[in-house]
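Structure file query.csv; described as CSV, C-alpha atoms.
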```csv
chain,number,residue,atom,x,y,z
A,1,MET,CA,127.5,88.2,67.1
A,2,LYS,CA,124.8,86.1,68.7
A,3,TYR,CA,126.6,86.6,72.1
A,4,ILE,CA,126.5,90.4,71.7
A,5,SER,CA,122.9,90.3,70.7
A,6,SER,CA,122.0,88.3,73.8
A,7,ILE,CA,123.8,90.8,76.0
A,8,ILE,CA,121.8,93.7,74.4
A,9,VAL,CA,118.5,91.8,74.9
A,10,LEU,CA,119.4,91.2,78.6
A,11,LEU,CA,120.3,94.9,79.1
A,12,LEU,CA,117.0,96.0,77.5
A,13,ILE,CA,115.0,93.6,79.8
A,14,SER,CA,116.9,94.9,82.8
A,15,LEU,CA,116.3,98.5,81.9
A,16,SER,CA,112.6,97.8,81.3
A,17,SER,CA,112.3,96.1,84.7
A,18,CYS,CA,113.9,99.0,86.5
A,19,GLN,CA,111.6,101.5,84.8
A,20,ASN,CA,108.5,99.4,85.8
A,21,GLU,CA,109.5,99.2,89.5
A,22,THR,CA,107.0,101.0,91.8
A,23,LYS,CA,108.5,104.1,93.2
A,24,LYS,CA,108.8,104.1,97.0
A,25,VAL,CA,106.3,106.4,98.6
A,26,GLU,CA,108.0,108.8,101.1
A,27,TYR,CA,106.2,111.1,103.4
A,28,ALA,CA,105.7,111.6,107.1
A,29,VAL,CA,103.5,108.9,108.5
A,30,ASP,CA,100.8,109.4,111.2
A,31,PRO,CA,102.0,108.1,114.6
A,32,ASN,CA,98.7,106.3,114.9
A,33,ASN,CA,99.1,104.4,111.7
A,34,ARG,CA,98.3,100.7,111.9
A,35,GLU,CA,99.2,98.1,109.3
A,36,VAL,CA,97.1,95.0,108.9
A,37,LYS,CA,96.9,92.0,106.5
A,38,VAL,CA,93.6,90.7,105.3
A,39,VAL,CA,92.8,87.2,106.4
A,40,ASP,CA,89.1,86.9,105.3
A,41,VAL,CA,86.5,89.1,103.6
A,42,LEU,CA,82.7,89.3,104.2
A,43,GLN,CA,80.6,91.6,102.0
A,44,ALA,CA,77.4,93.1,103.4
A,45,SER,CA,75.0,95.7,102.0
A,46,ALA,CA,76.5,98.7,103.9
A,47,TYR,CA,80.0,97.5,104.9
A,48,THR,CA,82.9,95.3,104.0
A,49,TYR,CA,83.9,93.2,107.0
A,50,LEU,CA,87.6,92.2,107.0
A,51,GLU,CA,89.2,89.8,109.3
A,52,VAL,CA,92.8,91.1,109.6
A,53,SER,CA,96.0,90.2,111.3
A,54,GLU,CA,98.2,92.7,113.1
A,55,LYS,CA,101.4,91.6,114.8
A,56,GLY,CA,100.1,88.1,115.1
A,57,GLU,CA,96.6,89.1,116.5
A,58,LYS,CA,93.5,88.5,114.4
A,59,PHE,CA,90.4,90.7,114.7
A,60,TRP,CA,87.6,92.1,112.5
A,61,ILE,CA,87.3,95.6,111.1
A,62,ALA,CA,84.4,97.1,109.1
A,63,VAL,CA,84.9,99.6,106.3
A,64,ASN,CA,82.8,101.3,103.6
A,65,LEU,CA,82.1,98.9,100.8
A,66,MET,CA,85.4,98.1,99.0
A,67,ASP,CA,87.0,95.5,96.8
A,68,ALA,CA,89.4,93.5,99.1
A,69,LYS,CA,91.0,90.1,99.0
A,70,LYS,CA,92.9,87.8,101.2
A,71,GLY,CA,96.5,88.9,101.5
A,72,ASP,CA,95.9,92.6,100.9
A,73,VAL,CA,97.9,94.9,103.2
A,74,LEU,CA,95.9,97.9,104.4
A,75,TYR,CA,96.5,100.8,106.8
A,76,PHE,CA,94.3,102.9,109.1
A,77,SER,CA,94.6,105.4,112.0
A,78,GLN,CA,91.1,106.1,113.1
A,79,SER,CA,88.6,103.5,114.4
A,80,MET,CA,85.7,103.0,116.8
A,81,GLU,CA,85.5,99.7,118.7
A,82,MET,CA,82.2,98.0,119.1
A,83,THR,CA,81.7,94.9,121.2
A,84,ASP,CA,79.0,92.3,120.8
A,85,PHE,CA,78.0,94.0,117.5
A,86,HIS,CA,75.3,92.2,115.6
A,87,SER,CA,75.1,92.4,111.8
A,88,ARG,CA,71.6,91.9,110.5
A,89,ASP,CA,72.9,91.5,107.0
A,90,LEU,CA,75.3,88.6,107.9
A,91,GLU,CA,73.1,87.3,110.8
A,92,ARG,CA,76.3,87.2,112.9
A,93,THR,CA,77.4,88.8,116.1
A,94,PHE,CA,81.0,89.9,116.4
A,95,ASP,CA,82.7,89.8,119.8
A,96,LYS,CA,84.7,92.9,118.7
A,97,VAL,CA,84.8,94.9,115.5
A,98,LEU,CA,86.6,98.1,114.7
A,99,PHE,CA,84.7,100.5,112.5
A,100,VAL,CA,87.5,102.1,110.5
A,101,ASP,CA,87.2,105.6,109.0
A,102,ASP,CA,90.4,106.0,106.9
A,103,ILE,CA,91.2,102.6,105.3
A,104,SER,CA,94.0,103.0,102.8
A,105,ASN,CA,96.4,101.1,100.6
A,106,ASN,CA,99.3,103.2,101.9
A,107,PRO,CA,100.4,104.3,105.4
A,108,ILE,CA,98.3,107.2,106.6
A,109,PRO,CA,100.1,110.5,106.2
A,110,MET,CA,100.6,112.8,109.2
A,111,LYS,CA,98.2,115.7,109.2
A,112,GLY,CA,99.6,118.9,107.9
A,113,HIS,CA,102.2,117.1,105.7
A,114,SER,CA,102.2,117.0,101.9
A,115,MET,CA,100.6,114.0,100.2
A,116,ASP,CA,102.0,114.9,96.8
A,117,ASN,CA,104.1,111.7,96.7
A,118,ILE,CA,101.2,109.3,97.3
A,119,PRO,CA,100.2,107.6,94.0
A,120,PRO,CA,96.9,108.9,92.6
A,121,GLY,CA,93.9,106.7,93.6
A,122,SER,CA,95.8,104.8,96.3
A,123,MET,CA,94.2,106.6,99.3
A,124,LYS,CA,90.7,105.3,100.0
A,125,SER,CA,89.6,108.1,102.3
A,126,VAL,CA,86.2,108.3,103.9
A,127,THR,CA,84.6,111.4,102.4
A,128,GLY,CA,86.5,114.1,100.6
A,129,LYS,CA,85.0,117.5,99.8
A,130,LYS,CA,82.5,116.9,96.9
A,131,GLU,CA,81.2,119.3,94.3
A,132,VAL,CA,77.7,119.8,95.7
A,133,SER,CA,75.2,122.3,94.4
A,134,ILE,CA,71.8,122.4,96.0
A,135,THR,CA,69.1,125.0,96.6
A,136,ALA,CA,68.7,125.0,100.4
A,137,PRO,CA,65.1,125.5,101.5
A,138,GLU,CA,64.2,128.6,103.6
A,139,GLY,CA,64.8,128.1,107.3
A,140,THR,CA,67.9,125.8,106.9
A,141,ILE,CA,71.4,126.6,108.1
A,142,SER,CA,74.4,126.0,105.7
A,143,ILE,CA,77.1,123.7,106.9
A,144,GLY,CA,79.7,126.4,106.4
A,145,GLU,CA,77.8,128.8,108.7
A,146,LEU,CA,77.2,126.0,111.2
A,147,PHE,CA,80.9,125.3,111.6
A,148,SER,CA,81.9,129.0,111.7
A,149,ALA,CA,79.4,129.7,114.5
A,150,ARG,CA,79.1,126.3,116.1
A,151,GLU,CA,79.0,127.7,119.7
A,152,THR,CA,76.0,129.8,118.8
A,153,TYR,CA,74.1,126.8,117.6
A,154,ASN,CA,75.2,124.5,120.5
A,155,GLN,CA,72.1,122.7,121.9
A,156,GLN,CA,69.9,124.4,119.4
A,157,LYS,CA,67.4,122.5,117.2
A,158,ILE,CA,68.0,123.5,113.6
A,159,LYS,CA,67.5,122.3,110.0
A,160,VAL,CA,70.2,121.5,107.5
A,161,ALA,CA,70.0,120.5,103.9
A,162,GLY,CA,72.7,118.5,102.0
A,163,GLU,CA,73.7,115.5,99.9
A,164,VAL,CA,74.3,112.2,101.7
A,165,VAL,CA,77.9,111.2,101.1
A,166,LYS,CA,78.3,108.4,103.6
A,167,VAL,CA,76.0,106.2,105.8
A,168,ASN,CA,77.1,103.9,108.7
A,169,ALA,CA,74.1,101.9,109.7
A,170,SER,CA,73.2,100.5,113.1
A,171,ILE,CA,76.1,101.6,115.3
A,172,MET,CA,75.2,102.1,118.9
A,173,GLY,CA,71.6,101.9,118.0
A,174,LYS,CA,71.8,104.8,115.5
A,175,ASN,CA,72.5,105.4,111.8
A,176,TRP,CA,75.4,107.8,111.3
A,177,VAL,CA,75.0,110.0,108.2
A,178,HIS,CA,77.5,112.4,106.6
A,179,ILE,CA,76.1,115.2,104.5
A,180,GLN,CA,77.7,118.1,102.5
A,181,ASP,CA,76.1,121.1,100.9
A,182,GLY,CA,79.1,122.6,99.0
A,183,THR,CA,79.8,125.2,101.7
A,184,GLY,CA,82.6,125.4,104.3
A,185,ASN,CA,86.4,125.3,103.9
A,186,GLN,CA,88.8,122.5,103.2
A,187,GLU,CA,88.7,121.4,106.9
A,188,ASN,CA,85.0,121.9,107.8
A,189,TYR,CA,82.6,120.9,105.1
A,190,ASP,CA,81.1,117.5,106.2
A,191,LEU,CA,78.4,117.3,108.9
A,192,THR,CA,77.9,114.1,110.9
A,193,ILE,CA,74.3,113.3,111.9
A,194,THR,CA,72.8,110.6,114.1
A,195,THR,CA,69.3,109.4,113.2
A,196,GLN,CA,66.9,106.5,113.3
A,197,ASP,CA,65.9,107.3,109.7
A,198,MET,CA,67.5,105.6,106.8
A,199,VAL,CA,68.8,107.4,103.8
A,200,ARG,CA,71.1,106.5,100.9
A,201,VAL,CA,74.3,107.9,99.5
A,202,GLY,CA,73.3,110.4,96.9
A,203,ASP,CA,70.0,111.5,98.5
A,204,VAL,CA,69.6,115.2,99.0
A,205,VAL,CA,67.6,115.7,102.2
A,206,VAL,CA,66.7,118.1,104.9
A,207,PHE,CA,67.4,117.0,108.5
A,208,GLU,CA,66.2,118.5,111.7
A,209,GLY,CA,68.1,117.8,114.9
A,210,VAL,CA,69.9,119.2,117.9
A,211,ILE,CA,73.5,120.4,117.5
A,212,ALA,CA,76.1,119.2,120.0
A,213,VAL,CA,79.6,120.7,120.2
A,214,ASP,CA,82.7,118.7,121.3
A,215,LYS,CA,80.7,115.5,121.8
A,216,ASP,CA,82.9,112.8,123.5
A,217,PHE,CA,82.0,109.2,123.0
A,218,GLY,CA,85.0,107.9,124.9
A,219,SER,CA,88.1,106.0,123.6
A,220,GLY,CA,89.3,109.2,122.0
A,221,TYR,CA,86.4,109.5,119.7
A,222,THR,CA,85.2,113.1,119.8
A,223,TYR,CA,83.1,115.1,117.4
A,224,HIS,CA,83.7,118.9,117.3
A,225,LEU,CA,80.3,119.3,115.7
A,226,LEU,CA,77.4,116.8,115.5
A,227,MET,CA,73.7,116.8,114.9
A,228,GLU,CA,72.0,114.3,117.2
A,229,ASP,CA,68.6,112.5,117.1
A,230,ALA,CA,67.8,114.0,113.7
A,231,VAL,CA,64.7,113.3,111.6
A,232,VAL,CA,64.3,113.6,107.8
A,233,ILE,CA,62.0,116.5,107.1
A,234,THR,CA,62.0,116.3,103.3
A,235,GLN,CA,63.5,113.9,100.8
A,236,PRO,CA,64.8,114.5,98.2
A,237,VAL,CA,65.6,118.2,97.7
A,238,TYR,CA,67.3,119.2,94.4
```
Taking this structure as input, can you express it in the form of structure tokens?
Amino acid sequence: MKYISSIIVLLLISLSSCQNETKKVEYAVDPNNREVKVVDVLQASAYTYLEVSEKGEKFWIAVNLMDAKKGDVLYFSQSMEMTDFHSRDLERTFDKVLFVDDISNNPIPMKGHSMDNIPPGSMKSVTGKKEVSITAPEGTISIGELFSARETYNQQKIKVAGEVVKVNASIMGKNWVHIQDGTGNQENYDLTITTQDMVRVGDVVVFEGVIAVDKDFGSGYTYHLLMEDAVVITQPVY
């Protein structure tokens, strides 16, 4: 009887173990997907700096602030390489650092393919479309209109209002700000702005700057729409 009871217990443990196994994520992976393992972590005020290893090579990447620890395996497909980059927060100059846009706990999905099989919360994407509702001041252009008629506004100085959803400070001598205003479609809703002014995520501001279309910074880093050399006109606007 004790022998039969022991077998039943072992079977229950085995079944429980099988049920708790993590399901394998299956989807088409971006051909530019890169897999790295975290070697060291440095936290700063605007970024998390990660020393990572990829196929035996060690280098540094910078991502939006995140919880990370040694041994974590992360993935990305989009990055901008900066050489001799000085971090004022860390009082350190990196020979080379990659600023990563799409850090994730899972391989990056190929664009246009379903992501239904990816576990909820596992993708740490840069900036998804947010629920933003603001009263835009007179004289500003909505982000949706700007994207739909971008050629019309090319090289024009305009004003835009929106909520700051991401800030990358001190890259190539500029601050890179992303804003949204609730307009635009699922593809075009986030406007990138370069500025010397500093704002914070969550601020609702008005920027004035010059629109650039298909701006190419080299190394395959191209912006289809960008506001350059912008200044903050009013802050905040709710």
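Each of A:Asp102, A:Asp181, A:Asp40, A:Glu51 was checked against Glu131 (chain A) using all atoms listed in the file; the smallest atom-to-atom distance is that of A:Asp181.
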Extract, using all atoms listed in the file, all DNA, RNA and protein residues at most 8 Å from region 69-81 of chain A, discarding same-chain residues fewer than 6 positions from it, and format them as an MDAnalysis selection string.
chainID A and resid 30 32:41 96:108 219 221
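You can rank A:Thr195, A:Thr183, A:Ser133, A:Thr48 by their closest distance to Asn64 (chain A) using all atoms listed in the file, and at the top of that list sits A:Thr48.
Using only C-alpha atoms, the smallest distance between any of A:Met198, A:Phe59, A:Asp203, A:Asp84 and Ala46 (chain A) comes from A:Met198.
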Any idea what's packed within 6 Å of Val210 (chain A), counting all atoms listed in the file, ignoring anything in its chain fewer than 5 positions away? Could you give it as a compact mmCIF listing (two decimals) with C-alpha atoms, in the frame of the given file?
```txt
# COMPACT_ATOMS: atom_id res chain seq x y z
CA GLN A 155 72.10 122.70 121.90
CA GLN A 156 69.90 124.40 119.40
CA LYS A 157 67.40 122.50 117.20
CA MET A 227 73.70 116.80 114.90
CA GLU A 228 72.00 114.30 117.20
```
Which one is closest to Val164 (chain A): A:Met82, A:Leu50, A:Val213, A:Val232? Count all atoms listed in the file.
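The closest residue to Val164 (chain A) is A:Val232.
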Could you give me, as number ranges by chain, the residues within 9 Å of Ile193 (chain A), counting all atoms listed in the file and dropping anything in the same chain fewer than 2 positions from it?
A: 175-179, 191, 195, 207, 209, 226-230
Using only C-alpha atoms, which residue out of A:Lys166, A:Thr192, A:Met172, A:Val160 lies closest to Glu208 (chain A)?
A:Val160
Tell me, in Å to one decimal, how far CA of Ile171 (chain A) is from CA of Leu65 (chain A).
15.9 Å
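Here CA of Gly182 (chain A) is placed at a distance of 11.7 Å from CA of Val165 (chain A).
The shortest atom-to-atom distance to Phe85 (chain A), with all atoms listed in the file taken into account, belongs to A:Ala169 out of A:Ala149, A:Ala212, A:Ala68, A:Ala169.
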So what do you get for CA of Ser148 (chain A) versus CA of Asp216 (chain A), distance-wise?
20.1 Å
Is there a way to get, as a list in words, all residues within 6 Å of the point (70.1, 105.6, 118.2) in file coordinates, counting all atoms listed in the file?
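Returned residue set, sorted by chain then number, is Gly173, Lys174 and Gln196 of chain A.
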Let's have the selection written as a PDB file, keeping the file's coordinate frame, with C-alpha atoms.
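Saved result, again-v1.pdb, follows:
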```
ATOM      1  CA  GLY A 173      71.600 101.900 118.000  1.00  0.00           C
ATOM      2  CA  LYS A 174      71.800 104.800 115.500  1.00  0.00           C
ATOM      3  CA  GLN A 196      66.900 106.500 113.300  1.00  0.00           C
TER       4      GLN A 196
END
```
Could you add N, CA and C atoms to region 69-99 of chain A and give me the result as an mmCIF file, in the frame of the given file?
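And here is the file that came out, result_20.cif:
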```cif
data_model
loop_
_atom_site.group_PDB
_atom_site.id
_atom_site.type_symbol
_atom_site.label_atom_id
_atom_site.label_comp_id
_atom_site.auth_asym_id
_atom_site.auth_seq_id
_atom_site.Cartn_x
_atom_site.Cartn_y
_atom_site.Cartn_z
ATOM 1 N N LYS A 69 90.744 91.533 99.068
ATOM 2 C CA LYS A 69 91.000 90.100 99.000
ATOM 3 C C LYS A 69 91.981 89.654 99.992
ATOM 4 N N LYS A 70 92.003 88.366 100.247
ATOM 5 C CA LYS A 70 92.900 87.800 101.200
ATOM 6 C C LYS A 70 94.369 88.135 100.798
ATOM 7 N N GLY A 71 95.161 88.540 101.771
ATOM 8 C CA GLY A 71 96.500 88.900 101.500
ATOM 9 C C GLY A 71 96.802 90.343 101.305
ATOM 10 N N ASP A 72 95.747 91.140 101.076
ATOM 11 C CA ASP A 72 95.900 92.600 100.900
ATOM 12 C C ASP A 72 96.511 93.176 102.215
ATOM 13 N N VAL A 73 97.406 94.139 102.068
ATOM 14 C CA VAL A 73 97.900 94.900 103.200
ATOM 15 C C VAL A 73 97.301 96.259 103.205
ATOM 16 N N LEU A 74 96.656 96.614 104.313
ATOM 17 C CA LEU A 74 95.900 97.900 104.400
ATOM 18 C C LEU A 74 96.392 98.638 105.653
ATOM 19 N N TYR A 75 96.038 99.932 105.674
ATOM 20 C CA TYR A 75 96.500 100.800 106.800
ATOM 21 C C TYR A 75 95.290 101.655 107.233
ATOM 22 N N PHE A 76 95.299 102.017 108.515
ATOM 23 C CA PHE A 76 94.300 102.900 109.100
ATOM 24 C C PHE A 76 94.848 103.573 110.321
ATOM 25 N N SER A 77 94.207 104.678 110.730
ATOM 26 C CA SER A 77 94.600 105.400 112.000
ATOM 27 C C SER A 77 93.465 105.730 112.849
ATOM 28 N N GLN A 78 92.226 105.677 112.313
ATOM 29 C CA GLN A 78 91.100 106.100 113.100
ATOM 30 C C GLN A 78 90.029 104.948 113.103
ATOM 31 N N SER A 79 89.546 104.611 114.289
ATOM 32 C CA SER A 79 88.600 103.500 114.400
ATOM 33 C C SER A 79 87.743 103.685 115.660
ATOM 34 N N MET A 80 86.563 103.067 115.644
ATOM 35 C CA MET A 80 85.700 103.000 116.800
ATOM 36 C C MET A 80 85.419 101.545 117.124
ATOM 37 N N GLU A 81 85.735 101.101 118.331
ATOM 38 C CA GLU A 81 85.500 99.700 118.700
ATOM 39 C C GLU A 81 84.131 99.458 119.199
ATOM 40 N N MET A 82 83.504 98.412 118.649
ATOM 41 C CA MET A 82 82.200 98.000 119.100
ATOM 42 C C MET A 82 82.281 96.544 119.567
ATOM 43 N N THR A 83 81.701 96.245 120.716
ATOM 44 C CA THR A 83 81.700 94.900 121.200
ATOM 45 C C THR A 83 80.299 94.279 121.111
ATOM 46 N N ASP A 84 80.255 92.967 120.932
ATOM 47 C CA ASP A 84 79.000 92.300 120.800
ATOM 48 C C ASP A 84 78.122 92.920 119.689
ATOM 49 N N PHE A 85 78.753 93.261 118.567
ATOM 50 C CA PHE A 85 78.000 94.000 117.500
ATOM 51 C C PHE A 85 77.348 92.928 116.591
ATOM 52 N N HIS A 86 76.043 93.124 116.400
ATOM 53 C CA HIS A 86 75.300 92.200 115.600
ATOM 54 C C HIS A 86 75.021 92.786 114.199
ATOM 55 N N SER A 87 75.410 92.058 113.167
ATOM 56 C CA SER A 87 75.100 92.400 111.800
ATOM 57 C C SER A 87 73.902 91.717 111.304
ATOM 58 N N ARG A 88 72.863 92.483 111.002
ATOM 59 C CA ARG A 88 71.600 91.900 110.500
ATOM 60 C C ARG A 88 71.824 91.279 109.126
ATOM 61 N N ASP A 89 72.650 91.950 108.307
ATOM 62 C CA ASP A 89 72.900 91.500 107.000
ATOM 63 C C ASP A 89 73.555 90.070 106.997
ATOM 64 N N LEU A 90 74.542 89.910 107.866
ATOM 65 C CA LEU A 90 75.300 88.600 107.900
ATOM 66 C C LEU A 90 74.678 87.660 108.918
ATOM 67 N N GLU A 91 73.697 88.146 109.713
ATOM 68 C CA GLU A 91 73.100 87.300 110.800
ATOM 69 C C GLU A 91 74.229 86.745 111.646
ATOM 70 N N ARG A 92 75.094 87.652 112.082
ATOM 71 C CA ARG A 92 76.300 87.200 112.900
ATOM 72 C C ARG A 92 76.578 88.306 113.895
ATOM 73 N N THR A 93 76.992 87.860 115.076
ATOM 74 C CA THR A 93 77.400 88.800 116.100
ATOM 75 C C THR A 93 78.926 88.682 116.294
ATOM 76 N N PHE A 94 79.586 89.844 116.191
ATOM 77 C CA PHE A 94 81.000 89.900 116.400
ATOM 78 C C PHE A 94 81.367 90.232 117.812
ATOM 79 N N ASP A 95 82.258 89.467 118.404
ATOM 80 C CA ASP A 95 82.700 89.800 119.800
ATOM 81 C C ASP A 95 83.284 91.182 119.828
ATOM 82 N N LYS A 96 84.060 91.524 118.803
ATOM 83 C CA LYS A 96 84.700 92.900 118.700
ATOM 84 C C LYS A 96 84.849 93.181 117.233
ATOM 85 N N VAL A 97 84.513 94.399 116.849
ATOM 86 C CA VAL A 97 84.800 94.900 115.500
ATOM 87 C C VAL A 97 85.142 96.335 115.554
ATOM 88 N N LEU A 98 86.141 96.722 114.779
ATOM 89 C CA LEU A 98 86.600 98.100 114.700
ATOM 90 C C LEU A 98 85.968 98.731 113.445
ATOM 91 N N PHE A 99 85.193 99.799 113.607
ATOM 92 C CA PHE A 99 84.700 100.500 112.500
ATOM 93 C C PHE A 99 85.730 101.562 112.073
#
```
